[in-house]
$ cat work-v7.csv   # CSV, C-alpha atoms
chain,number,residue,atom,x,y,z
G,1,MET,CA,-45.9,-14.5,40.4
G,2,LYS,CA,-42.2,-15.6,40.2
G,3,ASN,CA,-43.4,-19.2,39.5
G,4,PHE,CA,-45.6,-17.9,36.8
G,5,TYR,CA,-42.8,-16.1,35.0
G,6,GLN,CA,-40.6,-19.2,35.3
G,7,TRP,CA,-43.4,-21.3,33.8
G,8,TYR,CA,-44.1,-18.7,31.1
G,9,ARG,CA,-40.4,-18.5,30.0
G,10,LYS,CA,-40.3,-22.3,29.8
G,11,HIS,CA,-43.4,-22.5,27.6
G,12,ILE,CA,-42.9,-19.3,25.6
G,13,THR,CA,-42.6,-21.2,22.3
G,14,GLY,CA,-46.0,-22.8,22.8
G,15,ALA,CA,-47.5,-19.4,23.7
G,16,ILE,CA,-46.0,-17.8,20.5
G,17,PHE,CA,-47.4,-20.7,18.3
G,18,THR,CA,-50.8,-20.4,20.0
G,19,GLY,CA,-50.8,-16.6,19.3
G,20,LEU,CA,-49.9,-17.3,15.6
G,21,ILE,CA,-52.7,-19.8,15.1
G,22,LEU,CA,-55.3,-17.6,16.9
G,23,GLY,CA,-54.1,-14.7,14.8
G,24,ILE,CA,-54.7,-16.6,11.5
G,25,LEU,CA,-58.1,-17.8,12.6
G,26,THR,CA,-59.1,-14.3,13.8
G,27,GLY,CA,-57.9,-12.7,10.6
G,28,LEU,CA,-59.9,-15.2,8.5
G,29,PHE,CA,-63.2,-15.3,10.4
G,30,LEU,CA,-63.5,-12.3,12.7
G,31,ALA,CA,-61.5,-9.3,11.6
G,32,GLY,CA,-63.6,-8.6,8.5
G,33,ARG,CA,-66.8,-8.7,10.6
G,34,PHE,CA,-65.8,-6.7,13.6
G,35,GLU,CA,-63.8,-3.6,12.7
G,36,ILE,CA,-62.8,-3.0,16.3
G,37,ILE,CA,-60.8,-6.2,16.2
G,38,LEU,CA,-58.8,-5.1,13.1
G,39,THR,CA,-58.2,-1.6,14.6
G,40,THR,CA,-57.1,-2.9,18.0
G,41,THR,CA,-54.8,-5.6,16.6
G,42,SER,CA,-53.2,-3.1,14.1
G,43,VAL,CA,-52.5,-0.6,16.9
G,44,LEU,CA,-51.1,-3.2,19.3
G,45,GLY,CA,-49.1,-4.8,16.5
G,46,SER,CA,-47.5,-1.5,15.6
G,47,ILE,CA,-46.6,-0.9,19.2
G,48,TYR,CA,-45.0,-4.3,19.4
G,49,MET,CA,-43.0,-3.8,16.2
G,50,ASN,CA,-41.9,-0.3,17.3
G,51,ALA,CA,-40.8,-1.7,20.7
G,52,LEU,CA,-38.6,-4.3,18.9
G,53,ASN,CA,-37.3,-1.8,16.3
G,54,MET,CA,-36.5,0.7,19.0
G,55,MET,CA,-33.5,-1.3,20.2
G,56,ILE,CA,-32.4,-3.2,17.1
G,57,PHE,CA,-29.7,-0.8,15.9
G,58,PRO,CA,-28.4,0.3,19.3
G,59,MET,CA,-28.2,-3.3,20.3
G,60,VAL,CA,-26.5,-4.4,17.1
G,61,PHE,CA,-23.9,-1.6,17.3
G,62,CYS,CA,-23.2,-2.2,21.0
G,63,SER,CA,-23.1,-6.0,20.8
G,64,ILE,CA,-20.7,-5.9,17.7
G,65,VAL,CA,-18.3,-3.5,19.4
G,66,MET,CA,-18.3,-5.6,22.6
G,67,GLY,CA,-17.9,-8.7,20.6
G,68,ILE,CA,-14.9,-7.3,18.7
G,69,THR,CA,-13.2,-5.9,21.8
G,70,GLY,CA,-14.0,-9.2,23.6
G,71,ILE,CA,-12.2,-11.1,20.9
G,72,GLY,CA,-9.4,-8.6,20.9
G,73,SER,CA,-8.1,-9.7,17.5
G,74,ALA,CA,-8.9,-8.2,14.1
G,75,LYS,CA,-7.8,-11.5,12.6
G,76,THR,CA,-10.4,-13.6,14.5
G,77,THR,CA,-13.1,-11.0,13.7
G,78,GLY,CA,-12.2,-11.2,10.1
G,79,LYS,CA,-12.4,-15.0,10.2
G,80,ILE,CA,-15.9,-14.9,11.7
G,81,THR,CA,-17.1,-12.4,9.1
G,82,GLY,CA,-15.5,-14.2,6.2
G,83,ALA,CA,-16.8,-17.6,7.3
G,84,ALA,CA,-20.3,-16.2,7.8
G,85,MET,CA,-20.3,-14.6,4.3
G,86,LEU,CA,-19.1,-17.9,2.8
G,87,PHE,CA,-21.8,-19.9,4.5
G,88,PHE,CA,-24.6,-17.4,3.6
G,89,LEU,CA,-23.6,-17.1,-0.1
G,90,ALA,CA,-23.1,-20.9,-0.5
G,91,THR,CA,-26.6,-21.6,0.8
G,92,THR,CA,-28.1,-18.7,-1.3
G,93,VAL,CA,-26.7,-20.4,-4.5
G,94,ILE,CA,-28.3,-23.7,-3.4
G,95,ALA,CA,-31.6,-21.9,-2.7
G,96,SER,CA,-31.6,-20.2,-6.1
G,97,PHE,CA,-31.0,-23.5,-7.8
G,98,VAL,CA,-33.8,-25.2,-5.9
G,99,GLY,CA,-36.2,-22.4,-6.7
G,100,LEU,CA,-35.4,-22.7,-10.4
G,101,VAL,CA,-35.3,-26.5,-10.8
G,102,ILE,CA,-38.4,-27.6,-8.8
G,103,PRO,CA,-41.0,-25.4,-10.6
G,104,ARG,CA,-39.5,-26.4,-14.0
G,105,MET,CA,-39.6,-30.1,-13.1
G,106,ILE,CA,-43.3,-30.0,-12.1
G,107,HIS,CA,-44.3,-27.4,-14.7
G,108,LEU,CA,-45.6,-25.1,-12.0
G,109,GLY,CA,-48.1,-22.6,-13.4
G,110,LYS,CA,-49.2,-24.6,-16.5
G,111,GLY,CA,-52.9,-24.2,-17.1
G,112,VAL,CA,-53.2,-21.4,-14.4
G,113,SER,CA,-55.0,-18.3,-15.4
G,114,PHE,CA,-55.3,-15.2,-13.4
G,115,GLU,CA,-56.4,-11.6,-13.8
G,116,MET,CA,-53.4,-9.4,-14.3
G,117,ALA,CA,-53.6,-5.8,-13.3
G,118,THR,CA,-51.1,-3.0,-13.2
G,119,SER,CA,-50.1,-1.8,-9.8
G,120,ASP,CA,-48.2,1.1,-8.3
G,121,ILE,CA,-45.1,-0.4,-6.8
G,122,GLN,CA,-44.2,1.1,-3.5
G,123,ALA,CA,-41.0,-0.8,-3.0
G,124,THR,CA,-38.1,-0.2,-0.7
G,125,LYS,CA,-35.0,1.2,-2.4
G,126,MET,CA,-33.1,-1.6,-4.1
G,127,ASN,CA,-29.3,-1.2,-4.3
G,128,SER,CA,-27.1,-2.8,-6.9
G,129,ILE,CA,-24.1,-4.7,-5.7
G,130,LEU,CA,-21.8,-1.8,-6.7
G,131,ASP,CA,-24.0,0.7,-4.9
G,132,THR,CA,-23.9,-1.5,-1.8
G,133,VAL,CA,-20.1,-1.6,-1.8
G,134,LYS,CA,-19.9,2.2,-2.4
G,135,GLU,CA,-22.2,3.0,0.5
G,136,LEU,CA,-20.6,0.6,3.0
G,137,ILE,CA,-18.9,3.4,4.9
G,138,PRO,CA,-21.4,5.8,6.4
G,139,SER,CA,-20.7,9.5,5.8
G,140,ASN,CA,-23.1,10.2,8.6
G,141,PRO,CA,-23.3,7.5,11.3
G,142,VAL,CA,-26.3,9.2,12.9
G,143,ALA,CA,-28.2,9.1,9.6
G,144,ALA,CA,-27.3,5.4,9.2
G,145,PHE,CA,-29.0,4.7,12.5
G,146,ALA,CA,-32.0,6.9,11.7
G,147,GLU,CA,-32.5,5.4,8.2
G,148,GLY,CA,-32.1,1.9,9.4
G,149,ASN,CA,-29.1,1.1,7.1
G,150,MET,CA,-27.9,-2.2,8.6
G,151,LEU,CA,-24.8,-2.5,6.5
G,152,GLN,CA,-23.6,1.0,7.5
G,153,VAL,CA,-24.3,0.4,11.1
G,154,LEU,CA,-22.3,-2.9,10.9
G,155,MET,CA,-19.4,-1.1,9.3
G,156,PHE,CA,-19.4,1.7,11.8
G,157,ALA,CA,-19.5,-0.8,14.7
G,158,LEU,CA,-16.5,-2.6,13.1
G,159,ILE,CA,-14.5,0.6,12.8
G,160,VAL,CA,-15.3,1.7,16.4
G,161,GLY,CA,-14.5,-1.8,17.7
G,162,PHE,CA,-11.1,-2.1,16.0
G,163,THR,CA,-10.2,1.5,17.0
G,164,LEU,CA,-10.9,0.8,20.6
G,165,ILE,CA,-8.6,-2.2,20.4
G,166,ALA,CA,-5.9,-0.1,18.8
G,167,ILE,CA,-6.0,2.7,21.4
G,168,GLY,CA,-6.1,0.4,24.4
G,169,GLU,CA,-6.6,1.9,27.8
G,170,LYS,CA,-7.6,5.3,26.4
G,171,GLY,CA,-10.7,3.7,25.0
G,172,GLU,CA,-11.8,2.1,28.3
G,173,PRO,CA,-14.2,4.9,29.3
G,174,LEU,CA,-16.1,4.7,26.0
G,175,LEU,CA,-16.0,0.9,26.1
G,176,LYS,CA,-17.7,1.0,29.6
G,177,VAL,CA,-20.4,3.3,28.3
G,178,ILE,CA,-21.0,1.0,25.3
G,179,ASP,CA,-21.1,-2.0,27.6
G,180,SER,CA,-23.7,-0.3,29.8
G,181,CYS,CA,-25.8,0.6,26.8
G,182,ASN,CA,-25.6,-3.0,25.6
G,183,GLU,CA,-26.9,-4.2,28.9
G,184,VAL,CA,-29.8,-1.7,28.8
G,185,CYS,CA,-30.7,-2.8,25.2
G,186,LEU,CA,-30.7,-6.5,26.3
G,187,LYS,CA,-32.9,-5.8,29.3
G,188,VAL,CA,-35.4,-3.9,27.2
G,189,ILE,CA,-35.4,-6.6,24.5
G,190,SER,CA,-35.8,-9.4,27.1
G,191,THR,CA,-38.8,-7.5,28.5
G,192,VAL,CA,-40.4,-7.0,25.1
G,193,MET,CA,-40.0,-10.8,24.4
G,194,TYR,CA,-42.5,-11.5,27.1
G,195,PHE,CA,-45.1,-9.9,24.9
G,196,THR,CA,-44.1,-11.8,21.7
G,197,PRO,CA,-47.2,-14.1,21.7
G,198,ILE,CA,-49.5,-11.1,21.8
G,199,GLY,CA,-47.3,-9.2,19.3
G,200,VAL,CA,-47.3,-12.1,16.8
G,201,PHE,CA,-51.1,-12.4,17.2
G,202,CYS,CA,-51.6,-8.7,16.5
G,203,THR,CA,-49.3,-8.5,13.5
G,204,ILE,CA,-50.7,-11.6,11.8
G,205,VAL,CA,-54.4,-10.6,12.0
G,206,PRO,CA,-54.3,-7.6,9.6
G,207,VAL,CA,-52.1,-9.6,7.2
G,208,VAL,CA,-54.6,-12.5,6.9
G,209,GLU,CA,-57.6,-10.1,6.8
G,210,ALA,CA,-56.1,-8.0,4.1
G,211,ASN,CA,-55.4,-10.9,1.8
G,212,GLY,CA,-58.7,-12.7,2.6
G,213,THR,CA,-59.8,-16.2,1.9
G,214,SER,CA,-60.3,-15.7,-1.9
G,215,THR,CA,-56.6,-14.8,-2.5
G,216,ILE,CA,-55.4,-17.6,-0.3
G,217,VAL,CA,-57.6,-20.3,-1.9
G,218,SER,CA,-57.0,-19.2,-5.5
G,219,LEU,CA,-53.2,-19.6,-5.2
G,220,ALA,CA,-53.3,-22.3,-2.5
G,221,THR,CA,-51.6,-25.0,-4.5
G,222,GLN,CA,-48.7,-22.7,-5.6
G,223,LEU,CA,-48.3,-21.5,-2.0
G,224,ILE,CA,-48.3,-25.0,-0.6
G,225,ILE,CA,-45.6,-26.1,-3.0
G,226,LEU,CA,-43.6,-23.0,-2.2
G,227,TYR,CA,-43.9,-23.7,1.5
G,228,VAL,CA,-42.9,-27.3,1.0
G,229,ALA,CA,-39.8,-26.0,-0.9
G,230,PHE,CA,-39.1,-23.5,1.9
G,231,TYR,CA,-39.2,-25.9,4.8
G,232,GLY,CA,-37.7,-28.9,2.8
G,233,PHE,CA,-34.8,-26.6,2.1
G,234,ALA,CA,-34.6,-25.6,5.8
G,235,PHE,CA,-34.7,-29.1,7.1
G,236,ILE,CA,-32.3,-30.6,4.5
G,237,VAL,CA,-29.8,-27.8,4.0
G,238,TYR,CA,-29.8,-26.1,7.4
G,239,GLY,CA,-30.5,-29.3,9.3
G,240,GLY,CA,-27.7,-31.1,7.4
G,241,ALA,CA,-25.3,-28.2,8.0
G,242,VAL,CA,-26.1,-28.1,11.7
G,243,LYS,CA,-25.6,-31.9,12.0
G,244,PHE,CA,-22.5,-32.4,9.9
G,245,LEU,CA,-20.7,-29.1,10.2
G,246,GLY,CA,-22.0,-27.8,13.5
G,247,LYS,CA,-22.0,-31.2,15.2
G,248,THR,CA,-25.4,-30.5,16.8
G,249,SER,CA,-28.6,-32.5,16.8
G,250,PRO,CA,-31.0,-31.0,14.3
G,251,PHE,CA,-33.9,-31.8,16.6
G,252,LYS,CA,-32.2,-29.8,19.4
G,253,PHE,CA,-31.5,-27.0,17.0
G,254,PHE,CA,-35.0,-26.6,15.6
G,255,ARG,CA,-36.6,-26.9,19.0
G,256,ALA,CA,-34.3,-24.2,20.4
G,257,ILE,CA,-34.8,-21.6,17.6
G,258,MET,CA,-38.6,-21.9,17.4
G,259,PRO,CA,-39.3,-18.7,19.2
G,260,ALA,CA,-37.3,-16.7,16.7
G,261,ALA,CA,-38.7,-18.6,13.8
G,262,LEU,CA,-42.3,-18.0,14.8
G,263,ASN,CA,-41.6,-14.3,15.5
G,264,ALA,CA,-40.1,-13.9,12.1
G,265,PHE,CA,-43.1,-15.7,10.5
G,266,GLY,CA,-45.5,-13.3,12.2
G,267,THR,CA,-43.6,-10.1,11.7
G,268,CYS,CA,-42.1,-10.7,8.3
G,269,SER,CA,-38.9,-9.0,9.5
G,270,SER,CA,-35.6,-10.7,10.0
G,271,SER,CA,-34.1,-7.4,11.3
G,272,ALA,CA,-36.8,-7.1,14.0
G,273,THR,CA,-36.1,-10.7,15.0
G,274,ILE,CA,-32.3,-10.1,15.6
G,275,PRO,CA,-32.7,-9.8,19.4
G,276,ILE,CA,-34.7,-13.0,19.7
G,277,SER,CA,-32.4,-14.9,17.4
G,278,LYS,CA,-29.4,-13.9,19.5
G,279,SER,CA,-31.1,-15.0,22.6
G,280,CYS,CA,-32.0,-18.4,21.1
G,281,VAL,CA,-28.5,-19.3,19.9
G,282,GLU,CA,-26.7,-18.0,22.9
G,283,ASN,CA,-28.9,-19.3,25.7
G,284,GLU,CA,-30.2,-22.5,24.1
G,285,LEU,CA,-27.4,-23.6,21.8
G,286,GLY,CA,-24.3,-22.2,23.6
G,287,VAL,CA,-23.1,-20.0,20.7
G,288,SER,CA,-20.6,-17.4,21.8
G,289,ASN,CA,-21.8,-13.8,21.9
G,290,GLN,CA,-18.7,-12.9,19.8
G,291,ILE,CA,-20.0,-15.0,16.9
G,292,SER,CA,-23.8,-14.2,17.2
G,293,SER,CA,-23.1,-10.5,17.5
G,294,ILE,CA,-21.5,-10.5,14.1
G,295,ALA,CA,-23.2,-13.4,12.2
G,296,ILE,CA,-26.9,-12.6,13.2
G,297,PRO,CA,-26.9,-8.9,12.0
G,298,LEU,CA,-24.9,-9.8,9.0
G,299,GLY,CA,-27.3,-12.7,8.1
G,300,ALA,CA,-30.3,-10.3,8.5
G,301,THR,CA,-28.7,-8.1,5.8
G,302,VAL,CA,-27.2,-10.6,3.3
G,303,ASN,CA,-28.7,-14.0,4.0
G,304,MET,CA,-31.8,-14.1,1.8
G,305,ASP,CA,-31.9,-17.8,0.9
G,306,ALA,CA,-35.7,-18.1,1.0
G,307,VAL,CA,-36.1,-14.8,-0.9
G,308,SER,CA,-34.0,-16.5,-3.6
G,309,ILE,CA,-36.4,-19.4,-3.6
G,310,VAL,CA,-39.4,-17.1,-3.9
G,311,MET,CA,-37.8,-15.1,-6.7
G,312,SER,CA,-36.8,-18.1,-8.8
G,313,PHE,CA,-40.1,-19.9,-7.9
G,314,MET,CA,-42.3,-17.0,-8.9
G,315,ILE,CA,-40.3,-16.3,-12.1
G,316,MET,CA,-40.9,-19.8,-13.3
G,317,PHE,CA,-44.5,-19.9,-12.1
G,318,PHE,CA,-45.4,-16.7,-14.0
G,319,ALA,CA,-43.4,-17.7,-17.0
G,320,ASN,CA,-45.3,-21.0,-17.3
G,321,ALA,CA,-48.7,-19.3,-16.6
G,322,CYS,CA,-48.0,-16.6,-19.2
G,323,GLY,CA,-46.5,-18.9,-21.8
G,324,VAL,CA,-43.0,-17.3,-21.6
G,325,ASN,CA,-40.2,-19.7,-22.4
G,326,VAL,CA,-37.3,-19.4,-19.9
G,327,SER,CA,-34.3,-21.1,-21.4
G,328,VAL,CA,-31.6,-22.9,-19.5
G,329,SER,CA,-29.1,-20.1,-20.2
G,330,MET,CA,-31.6,-17.5,-18.9
G,331,MET,CA,-32.2,-19.7,-15.8
G,332,ILE,CA,-28.4,-19.5,-15.1
G,333,ILE,CA,-28.4,-15.7,-15.5
G,334,ILE,CA,-31.4,-15.4,-13.2
G,335,LEU,CA,-29.7,-17.6,-10.6
G,336,LEU,CA,-26.6,-15.5,-10.6
G,337,ALA,CA,-28.6,-12.2,-10.6
G,338,ASN,CA,-30.6,-13.6,-7.7
G,339,VAL,CA,-27.5,-14.2,-5.6
G,340,LEU,CA,-26.3,-10.7,-6.2
G,341,LEU,CA,-29.6,-9.0,-5.7
G,342,SER,CA,-30.1,-10.8,-2.3
G,343,VAL,CA,-27.2,-8.7,-0.9
G,344,GLY,CA,-29.3,-5.6,-1.5
G,345,THR,CA,-32.6,-6.9,-0.3
G,346,PRO,CA,-33.6,-5.3,3.0
G,347,GLY,CA,-34.6,-7.6,5.9
G,348,ILE,CA,-37.9,-5.9,6.3
G,349,PRO,CA,-41.5,-6.6,5.1
G,350,GLY,CA,-41.9,-6.0,1.4
G,351,GLY,CA,-38.1,-5.8,0.8
G,352,ALA,CA,-38.3,-8.4,-1.9
G,353,ILE,CA,-40.7,-6.6,-4.2
G,354,ALA,CA,-38.0,-4.6,-6.0
G,355,SER,CA,-35.9,-7.8,-6.5
G,356,PHE,CA,-38.8,-9.5,-8.2
G,357,ALA,CA,-39.4,-6.5,-10.4
G,358,ALA,CA,-35.8,-6.6,-11.6
G,359,LEU,CA,-35.8,-10.3,-12.3
G,360,ALA,CA,-39.3,-10.3,-13.9
G,361,THR,CA,-38.0,-7.7,-16.4
G,362,MET,CA,-34.9,-9.8,-17.0
G,363,ALA,CA,-37.0,-12.8,-17.8
G,364,GLY,CA,-39.3,-10.9,-20.2
G,365,LEU,CA,-42.5,-11.3,-18.1
G,366,PRO,CA,-45.4,-8.9,-18.8
G,367,ALA,CA,-45.6,-6.0,-16.4
G,368,GLY,CA,-49.1,-7.1,-15.2
G,369,VAL,CA,-47.6,-10.0,-13.2
G,370,MET,CA,-46.4,-7.4,-10.6
G,371,GLY,CA,-50.0,-6.8,-9.5
G,372,VAL,CA,-50.6,-10.5,-8.8
G,373,TYR,CA,-47.2,-10.9,-7.1
G,374,ILE,CA,-47.8,-8.0,-4.8
G,375,SER,CA,-51.2,-9.4,-3.8
G,376,ILE,CA,-49.5,-12.5,-2.4
G,377,ASN,CA,-46.2,-11.1,-1.5
G,378,THR,CA,-46.9,-11.0,2.2
G,379,LEU,CA,-48.1,-14.6,2.2
G,380,CYS,CA,-44.8,-15.6,0.6
G,381,ASP,CA,-42.8,-13.2,2.8
G,382,MET,CA,-43.9,-14.8,6.1
G,383,GLY,CA,-42.5,-18.2,5.2
G,384,ALA,CA,-39.4,-16.7,3.5
G,385,THR,CA,-38.5,-14.5,6.5
G,386,CYS,CA,-38.9,-17.5,8.9
G,387,VAL,CA,-36.5,-19.6,6.8
G,388,ASN,CA,-34.0,-16.8,6.4
G,389,VAL,CA,-33.9,-16.4,10.2
G,390,ILE,CA,-33.4,-20.1,10.6
G,391,GLY,CA,-30.5,-19.9,8.2
G,392,ASP,CA,-28.9,-17.1,10.2
G,393,MET,CA,-29.0,-19.2,13.4
G,394,ALA,CA,-27.8,-22.3,11.6
G,395,GLY,CA,-24.8,-20.3,10.4
G,396,CYS,CA,-24.0,-19.4,14.0
G,397,VAL,CA,-24.0,-23.0,15.1
G,398,VAL,CA,-21.7,-24.0,12.2
G,399,LEU,CA,-19.3,-21.1,13.0
G,400,GLN,CA,-19.3,-22.0,16.7
G,401,GLU,CA,-18.0,-25.4,15.8
G,402,LYS,CA,-15.6,-24.4,13.0
G,403,ILE,CA,-13.9,-21.2,14.3
G,404,ASP,CA,-11.4,-21.2,17.1
G,405,LEU,CA,-11.9,-18.0,19.1
G,406,GLU,CA,-8.7,-18.3,21.1

$ encode --input "work-v7.csv" --output "structure tokens"
Amino acid sequence: MKNFYQWYRKHITGAIFTGLILGILTGLFLAGRFEIILTTTSVLGSIYMNALNMMIFPMVFCSIVMGITGIGSAKTTGKITGAAMLFFLATTVIASFVGLVIPRMIHLGKGVSFEMATSDIQATKMNSILDTVKELIPSNPVAAFAEGNMLQVLMFALIVGFTLIAIGEKGEPLLKVIDSCNEVCLKVISTVMYFTPIGVFCTIVPVVEANGTSTIVSLATQLIILYVAFYGFAFIVYGGAVKFLGKTSPFKFFRAIMPAALNAFGTCSSSATIPISKSCVENELGVSNQISSIAIPLGATVNMDAVSIVMSFMIMFFANACGVNVSVSMMIIILLANVLLSVGTPGIPGGAIASFAALATMAGLPAGVMGVYISINTLCDMGATCVNVIGDMAGCVVLQEKIDLE
């Protein structure tokens, strides 16, 4: 049995990929014919997601506090946070530019016709940049954990971490409790990770079955171009950053982060992938826990590069399809708004719907495009989440090389 676990851990990436492929095939050809398959995979997928979500926020809180106290310096922690924000915002600007220029160059959407229908939008609450700043400090930390407000949990962890440094020995008992909680979280997460291939399989089946072959085929060309843009961006921008700034082989990087990337693709949640991302960069790429504990949760909150590509891409696609002219000046406004909106986009499935609604209104698109967009949102979201998570981990590798922790 011990040999099996060692073999399984070594080949976990292949197992996850196999689960992903089998899930897509099952969703396309079997789920619609055998109701029990859809029911079973939906239940098991929910259990897997709940098991991951169960430990996300306690783990993020504990790991950040331990990371800050381990650094022992507010100056170094500030350097890590500031450098991470700079990296994420810079790549988001590039992503928005790519999303606007490519569809315009190839006239994406010209000659496309589709049936537009109105749709009730059940979107996650979308905060403006000012609302996000105002709500950084949680008035009720317990509510921040219960509501899944990642930014407030981050801020609370920073406050507790710096306070423990300030009070010194008097904070040692609490620090030991937090350290123990951190170890418990890591153990639970590492156990859940063994079930990731099954979890990815079960979460992808209902997604593919719900969209069906007709939706996939009708927008196949647009989705293919979108995915080429996604992964071209990931390989060129993130691969280049890892090679030239992080001094790490891109081949080694992409091979090491594959478990987290595949999990993100299957679950459509960068927040739920935080534990796996941390494990990949720490165990496979040698990134310090002090860096990953801050950069990974921060990236899951503010790094929405691929969401920026989707937003810009879809705005141009629908504008061309509907005959709406988007001027160069409007492109620039959309690009800037895209960067700001990305900070308020939650790292959960469907979190980008409200962003698109805001940008579509700004571009003067008819309201009916929302129905079409929502029908393919999940298909876009899978690739976007995968790329966002890759960006979080690329940022960790760059920070590991550029920041002196001593």

$ closest_atom_pairs --input "work-v7.csv" --of "region 248-355 of chain G" --to "region 50-69 of chain G" --cutoff "6 Å" --atoms "only C-alpha atoms" --output "tab-separated table"
residue	atom	partner	partner_atom	distance
G:Ala272	CA	G:Asn53	CA	5.8
G:Gln290	CA	G:Gly67	CA	4.3
G:Ser293	CA	G:Ile64	CA	5.2
G:Ile294	CA	G:Ile64	CA	5.9

$ closest_residue --input "work-v7.csv" --among "G:Ala363, G:Leu399, G:Ala394, G:Ile198" --to "Pro250 (chain G)" --atoms "only C-alpha atoms"
G:Ala394

$ closest_residue --input "work-v7.csv" --among "G:Gly161, G:Gly19, G:Pro275, G:Gly70" --to "Met193 (chain G)" --atoms "only C-alpha atoms"
G:Pro275

$ atom_distance --input "work-v7.csv" --atom1 "CA of Ala384 (chain G)" --atom2 "CA of Val307 (chain G)"
5.8 Å

$ atom_distance --input "work-v7.csv" --atom1 "CA of Gly395 (chain G)" --atom2 "CA of Gly148 (chain G)"
23.4 Å

$ closest_residue --input "work-v7.csv" --among "G:Ala319, G:Ala295, G:Met382, G:Val369" --to "Phe88 (chain G)" --atoms "all atoms listed in the file"
G:Ala295

$ atom_distance --input "work-v7.csv" --atom1 "CA of Leu245 (chain G)" --atom2 "CA of Ile80 (chain G)"
15.1 Å

$ residues_around --input "work-v7.csv" --residues "Ile332 (chain G)" --least-positions-apart "2" --cutoff "12 Å" --atoms "only C-alpha atoms" --output "number ranges by chain"
G: 93, 96-97, 99-101, 312, 326-330, 334-339, 362-363

$ closest_residue --input "work-v7.csv" --among "G:Val389, G:Ile178, G:Cys380, G:Ala321" --to "Cys280 (chain G)" --atoms "all atoms listed in the file"
G:Val389

$ closest_residue --input "work-v7.csv" --among "G:Ala90, G:Ile225, G:Ile16, G:Leu154" --to "Asn263 (chain G)" --atoms "all atoms listed in the file"
G:Ile16

$ residues_near_point --input "work-v7.csv" --point "(-41.2, -20.4, 17.7)" --cutoff "8 Å" --atoms "all atoms listed in the file" --output "MDAnalysis selection string"
chainID G and resid 13:14 16:17 257:263

$ residues_near_point --input "work-v7.csv" --point "(-52.4, -7.4, 12.8)" --cutoff "10 Å" --atoms "all atoms listed in the file" --output "list in words"
Gly23, Ile24, Thr26, Gly27, Ala31, Ile37, Leu38, Thr39, Thr40, Thr41, Ser42, Val43, Leu44, Gly45, Ser46, Gly199, Val200, Phe201, Cys202, Thr203, Ile204, Val205, Pro206, Val207, Val208, Glu209, Ala210, Gly266 and Thr267 of chain G

$ residues_around --input "work-v7.csv" --residues "Phe317 (chain G)" --least-positions-apart "6" --cutoff "7 Å" --atoms "all atoms listed in the file" --output "PDB file with C-alpha atoms, in the frame of the given file"
ATOM      1  CA  PRO G 103     -41.000 -25.400 -10.600  1.00  0.00           C
ATOM      2  CA  LEU G 108     -45.600 -25.100 -12.000  1.00  0.00           C
ATOM      3  CA  GLY G 109     -48.100 -22.600 -13.400  1.00  0.00           C
TER       4      GLY G 109
END

$ closest_residue --input "work-v7.csv" --among "G:Phe253, G:Gly171, G:Thr361, G:Ser190" --to "Ser279 (chain G)" --atoms "only C-alpha atoms"
G:Ser190
